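S.K.: Before we start, here is the structure in question, set down as structure tokens.
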Amino acid sequence: MSFRGFLHALQEAGHLEEVDRPVSPSLEAAALSVGAGPLLFNNVDGKKCCMNLLGTRDLLARALGIPREDMAKALAEIDLAGGWIREVDSSPFMEAVGEPDLTALPILTHFRGDGGPYITSGIVVSAFGGKTNASVHRMMVLGKDRVAARLVPGRHTSMLLQEALAAGERLPVGIVIGVDPLVLIAASTRVPLGMEFQYASALSGSPVELVALDNGVFVPSAEIAFEGYIDGERASEGPFVDITGTRDFPRMEPVIHLSKMMTREVPIYHALLPSGGEHKMLMGVPYEPLIFRAASEVAEVKNVLLTEGGCSYLHAAVQIKKRSEAEPGKVIDAAFEAHKSLKHVIVVDEDVDIYSPEELEYAVATRVKGDEDMVLYPNVRGSTLDPRSVDGITTKVGIDATMTLGEEEKFLRVRPVLPEGRTF
């Protein structure tokens with residue numbers, strides 16, 4: 001599947017709304033996307049811009065070709081060894097090549113108070129010392145050919161940058177916008193260094209085609225591509241509204257210098273609304289298979305969900321078939337280890353629908369004894385995006401909301417049934 005192929009499929013299914021009237025890239029496009037389905041704006045300062053393409057679990061499941069209820073389990077079983085890449089000589093983004101000019105793109109300013117216009121769906125591909133990485137980074141526009149990128153310390157792009165700087169060199173990068181949805185999902189997923197495109201291939205069952213830029217970085221097909229580098233320059237980046245819907249405040253971040261810009265003749269720019277559904281699907285959901293896989297080593301896991309009320313990032317519900325009283329605690333530990341930004345975990349039985357907030361609350365109400373079934377982990381590293389944390393340090397809570405083994409009759413819900421032989 002290609003980016004335009006996915007757009008066309010959404011259009012054919014009646015899921016894509018087109019907006020032909022002029023729309024401003026400053027605040028208006030973002031506001032119109034709130035609560036909407038997939039959108040294609042045909043006139044954002046005269047350019048095309050799409051939003052909300054993967055904004056719900058159903059849309060994400062459609063891109064993956066997996067039923068929404070089976071996503072965590074199916075993704076946990078993906079074999080990276082089944083993916084492969086193919087190098088090609090050209091790509092559609094080479095239709096128009098020139099000097100970088102970010103003002104030529106409909107880059108959005110999403111909220112009042114933002115540090116500036118932000119590229120939000122851009123995949124940064126970096127390469128150094130025989131190692132590569134592809135990951136999504138928010139990038140604040142500083143000028144026609146410069147952006148400040150949020151690079152989290154300890155993550156792969158930051159690691160490669162530090163290696164390059166330590167060697168007295170710049171880190172070469174490519175940036176692509178408007179890619180095959182499976183490539184975007186893969187670049188949003190924690191996989192071993194350099195395995196993002198193999199993962200995308202394993203998801204699709206077909207090779208990912210990569211083309212070499214002049215700086216030696218290989219990138220996938222896209223609507224828009226940039227070539228550039230990161231050196232030691234830093235600039236203030238932010239404020240930015242992140243996944244919790246609250247502001248992440250300015251910090252000094254690396255500057256990416258752009259040296260070449262390549263696009264389709266009429267490119268379609270892809271914008272992710274910060275804290276919107278698409279942001280949550282891409283940033284949060286990829287952790288579900290990681291939790292599923294880790295928890296499956298200590299229990300029989302049925303499903304995993306990062307809940308919507310937990311910003312699809314900070315709260316996890318894990319459904320298990322309980323075999324011992326020790327299992328829920330082990331599952332809680334496994335979940336926190338698999339997703340280190342996780343704040344709260346609830347473990348429930350098979351009869352609890354983890355997609356229902358009411359069902360999860362019911363499990364807490366009827367199956368939890370606070371002094372026995374809740375475990376606290378004070379003063380541990382969580383997420384800096386949690387407004388209640390102090391520099392990322394927080395208290396994590398695990399909740400065992402499962403039935404006591406051997407006492408299931410006390411907890412099983414009794415529902416009315418018709419006498420035998422009777423029907424409505």
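Residue numbering restarts at 1 for every chain of the structure tokens, chains are lettered A, B, ... in their displayed order, and ligands are numbered from 1 as they appear.
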When you look at Val23 of chain A with a cut-off of 7 Å (counting only C-alpha atoms), what residues show up, excluding the ones that are within fewer than 6 positions of it in the same chain? I need them as a ChimeraX atom specification.
M.R.: /A:29,43-45
S.K.: What's the 9 Å shell around segment 134-147 of chain A, counting only C-alpha atoms, without same-chain residues fewer than 2 positions away, as a ChimeraX atom specification?
M.R.: /A:99-104,107,115-126,132,149-151,156-157,184,186-190,193-197,219,235,237-238,240,254-260
S.K.: Can you measure atom CA of Val34 of chain A to atom CA of Gly46 of chain A for me? One decimal in Å is fine.
M.R.: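 Atom CA of Val34 of chain A sits 21.6 Å away from atom CA of Gly46 of chain A.
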S.K.: Using Å and a single decimal, report how far atom CA of Ile291 of chain A sits from atom CA of Leu385 of chain A.
M.R.: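 Here the two named atoms are 19.8 Å from each other.
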S.K.: For the strand (DSSP E) assignment from backbone DSSP, which residues of segment 295-370 of chain A qualify? Please present them as a ChimeraX atom specification.
M.R.: /A:300-306,315-321,344-348
S.K.: Could you tell me how far atom CA of Lys330 of chain A sits from atom CA of Ala299 of chain A, in Å to one decimal place?
M.R.: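 Those two atoms sit 8.0 Å apart.
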S.K.: List the neighbours of Tyr355 of chain A out to 10 Å using only C-alpha atoms; skip same-chain residues closer than 3 positions along the sequence, and give me the result as number ranges by chain.
M.R.: A: 69, 304-308, 317, 352, 358-360
S.K.: Go ahead and write the residues just picked, C-alpha atoms, as a tab-separated table (two decimals), in the first residue's frame.
M.R.:
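The new file selection-v1.tsv reads:
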chain	number	residue	atom	x	y	z
A	69	GLU	CA	-9.70	-6.60	19.00
A	304	VAL	CA	-3.88	-5.41	26.14
A	305	LEU	CA	-5.27	-1.90	25.77
A	306	LEU	CA	-3.80	1.53	26.37
A	307	THR	CA	-7.01	3.24	27.38
A	308	GLU	CA	-8.37	6.38	25.80
A	317	ALA	CA	-5.51	-2.60	30.93
A	352	VAL	CA	-14.18	-7.93	31.67
A	358	GLU	CA	-17.57	1.07	32.82
A	359	GLU	CA	-16.42	-2.55	32.84
A	360	LEU	CA	-12.97	-1.57	34.07
S.K.: Segment 250-389 of chain A: which residues are alpha helix (DSSP H) by DSSP, as a PyMOL selection string?
M.R.: chain A and resi 277-283+287-295+327-338+357-367+370-373
S.K.: Find the residues around segment 363-365 of chain A up to 9 Å (only C-alpha atoms counted), leave out those fewer than 6 positions away in its own chain, and share them as a PDB file with all heavy atoms, in the first residue's frame.
M.R.:
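Below is the file that was written, around-v6.pdb:
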ATOM      1  N   ILE A 346      -3.957  -1.802  35.204  1.00  0.00           N
ATOM      2  CA  ILE A 346      -5.014  -2.598  35.823  1.00  0.00           C
ATOM      3  C   ILE A 346      -5.055  -3.962  35.146  1.00  0.00           C
ATOM      4  O   ILE A 346      -5.027  -4.046  33.911  1.00  0.00           O
ATOM      5  CB  ILE A 346      -6.396  -1.892  35.736  1.00  0.00           C
ATOM      6  CG1 ILE A 346      -7.481  -2.758  36.377  1.00  0.00           C
ATOM      7  CG2 ILE A 346      -6.752  -1.530  34.313  1.00  0.00           C
ATOM      8  CD1 ILE A 346      -8.825  -2.058  36.496  1.00  0.00           C
ATOM      9  N   VAL A 348      -7.222  -7.468  34.691  1.00  0.00           N
ATOM     10  CA  VAL A 348      -8.603  -7.930  34.834  1.00  0.00           C
ATOM     11  C   VAL A 348      -8.756  -9.350  34.287  1.00  0.00           C
ATOM     12  O   VAL A 348      -7.885  -9.864  33.597  1.00  0.00           O
ATOM     13  CB  VAL A 348      -9.591  -6.984  34.120  1.00  0.00           C
ATOM     14  CG1 VAL A 348      -9.552  -5.587  34.728  1.00  0.00           C
ATOM     15  CG2 VAL A 348      -9.288  -6.908  32.620  1.00  0.00           C
ATOM     16  N   ASP A 349      -9.918  -9.946  34.602  1.00  0.00           N
ATOM     17  CA  ASP A 349     -10.237 -11.296  34.144  1.00  0.00           C
ATOM     18  C   ASP A 349     -10.800 -11.286  32.727  1.00  0.00           C
ATOM     19  O   ASP A 349     -11.110 -10.233  32.155  1.00  0.00           O
ATOM     20  CB  ASP A 349     -11.265 -11.929  35.087  1.00  0.00           C
ATOM     21  CG  ASP A 349     -10.731 -12.112  36.499  1.00  0.00           C
ATOM     22  OD1 ASP A 349      -9.784 -12.886  36.676  1.00  0.00           O
ATOM     23  OD2 ASP A 349     -11.273 -11.465  37.424  1.00  0.00           O
ATOM     24  N   VAL A 352     -14.130  -9.389  31.660  1.00  0.00           N
ATOM     25  CA  VAL A 352     -14.181  -7.933  31.673  1.00  0.00           C
ATOM     26  C   VAL A 352     -13.797  -7.394  30.299  1.00  0.00           C
ATOM     27  O   VAL A 352     -12.736  -7.726  29.769  1.00  0.00           O
ATOM     28  CB  VAL A 352     -13.246  -7.360  32.755  1.00  0.00           C
ATOM     29  CG1 VAL A 352     -13.216  -5.832  32.685  1.00  0.00           C
ATOM     30  CG2 VAL A 352     -13.686  -7.823  34.136  1.00  0.00           C
ATOM     31  N   ILE A 399      -2.913  -2.239  39.751  1.00  0.00           N
ATOM     32  CA  ILE A 399      -4.163  -2.669  40.384  1.00  0.00           C
ATOM     33  C   ILE A 399      -4.502  -4.084  39.924  1.00  0.00           C
ATOM     34  O   ILE A 399      -4.645  -4.339  38.723  1.00  0.00           O
ATOM     35  CB  ILE A 399      -5.322  -1.718  40.021  1.00  0.00           C
ATOM     36  CG1 ILE A 399      -4.984  -0.281  40.427  1.00  0.00           C
ATOM     37  CG2 ILE A 399      -6.618  -2.166  40.691  1.00  0.00           C
ATOM     38  CD1 ILE A 399      -6.006   0.738  39.938  1.00  0.00           C
ATOM     39  N   ASP A 400      -4.628  -4.985  40.874  1.00  0.00           N
ATOM     40  CA  ASP A 400      -5.078  -6.349  40.592  1.00  0.00           C
ATOM     41  C   ASP A 400      -6.590  -6.372  40.766  1.00  0.00           C
ATOM     42  O   ASP A 400      -7.099  -6.419  41.880  1.00  0.00           O
ATOM     43  CB  ASP A 400      -4.410  -7.334  41.554  1.00  0.00           C
ATOM     44  CG  ASP A 400      -4.947  -8.759  41.415  1.00  0.00           C
ATOM     45  OD1 ASP A 400      -5.778  -9.001  40.513  1.00  0.00           O
ATOM     46  OD2 ASP A 400      -4.548  -9.620  42.227  1.00  0.00           O
ATOM     47  N   ALA A 401      -7.315  -6.298  39.647  1.00  0.00           N
ATOM     48  CA  ALA A 401      -8.782  -6.296  39.674  1.00  0.00           C
ATOM     49  C   ALA A 401      -9.315  -7.632  39.171  1.00  0.00           C
ATOM     50  O   ALA A 401     -10.275  -7.695  38.398  1.00  0.00           O
ATOM     51  CB  ALA A 401      -9.323  -5.143  38.836  1.00  0.00           C
ATOM     52  N   THR A 402      -8.684  -8.716  39.614  1.00  0.00           N
ATOM     53  CA  THR A 402      -9.121 -10.055  39.219  1.00  0.00           C
ATOM     54  C   THR A 402      -9.849 -10.739  40.378  1.00  0.00           C
ATOM     55  O   THR A 402      -9.674 -10.391  41.545  1.00  0.00           O
ATOM     56  CB  THR A 402      -7.914 -10.925  38.807  1.00  0.00           C
ATOM     57  OG1 THR A 402      -7.016 -11.046  39.926  1.00  0.00           O
ATOM     58  CG2 THR A 402      -7.184 -10.314  37.626  1.00  0.00           C
ATOM     59  N   MET A 403     -10.631 -11.747  40.037  1.00  0.00           N
ATOM     60  CA  MET A 403     -11.345 -12.531  41.040  1.00  0.00           C
ATOM     61  C   MET A 403     -10.369 -13.367  41.864  1.00  0.00           C
ATOM     62  O   MET A 403      -9.331 -13.808  41.346  1.00  0.00           O
ATOM     63  CB  MET A 403     -12.358 -13.472  40.362  1.00  0.00           C
ATOM     64  CG  MET A 403     -13.504 -12.754  39.672  1.00  0.00           C
ATOM     65  SD  MET A 403     -14.690 -13.902  38.912  1.00  0.00           S
ATOM     66  CE  MET A 403     -13.856 -14.280  37.371  1.00  0.00           C
TER      67      MET A 403
END
S.K.: So, counting only C-alpha atoms, which residue among A:Arg367, A:Arg62, A:Arg247, A:His339 is closest to Ser275 of chain A?
M.R.: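 The answer is A:Arg247, which sits nearest to Ser275 of chain A.
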S.K.: Near segment 386-390 of chain A, within 9 Å and counting only C-alpha atoms, which residues show up once chain neighbours fewer than 3 positions away are dropped, as a PyMOL selection string?
M.R.: chain A and resi 244+246-248+314+341+343+381-383+393-395
S.K.: If we count only C-alpha atoms, what is near Met374 of chain A at a cut-off of 8 Å, once residues fewer than 4 positions away on the same chain are taken out, given as an MDAnalysis selection string?
M.R.: chainID A and resid 368:370 397:400
S.K.: Skipping near chain neighbours, those fewer than 3 positions away, what residues fall within 7 Å of Met261 of chain A using only C-alpha atoms, listed as a list of chain:residue names?
M.R.: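 The neighbour list is A:Val97, A:Gly98, A:Glu99, A:Pro100, A:Ala225, A:Phe226, A:Glu227.
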S.K.: From the set A:Val152, A:Val347, A:Leu59, A:Leu418, which residue has the shortest atom-to-atom contact distance to Arg251 of chain A, counting only C-alpha atoms?
M.R.: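 That would be A:Val152, the residue with the smallest distance to Arg251 of chain A.
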S.K.: Between A:Gly232, A:Gly174, A:Gly113, A:Arg57, which one has atoms that come closest to Gln162 of chain A, using only C-alpha atoms?
M.R.: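 Using only C-alpha atoms, Gln162 of chain A sits closest to A:Gly232.
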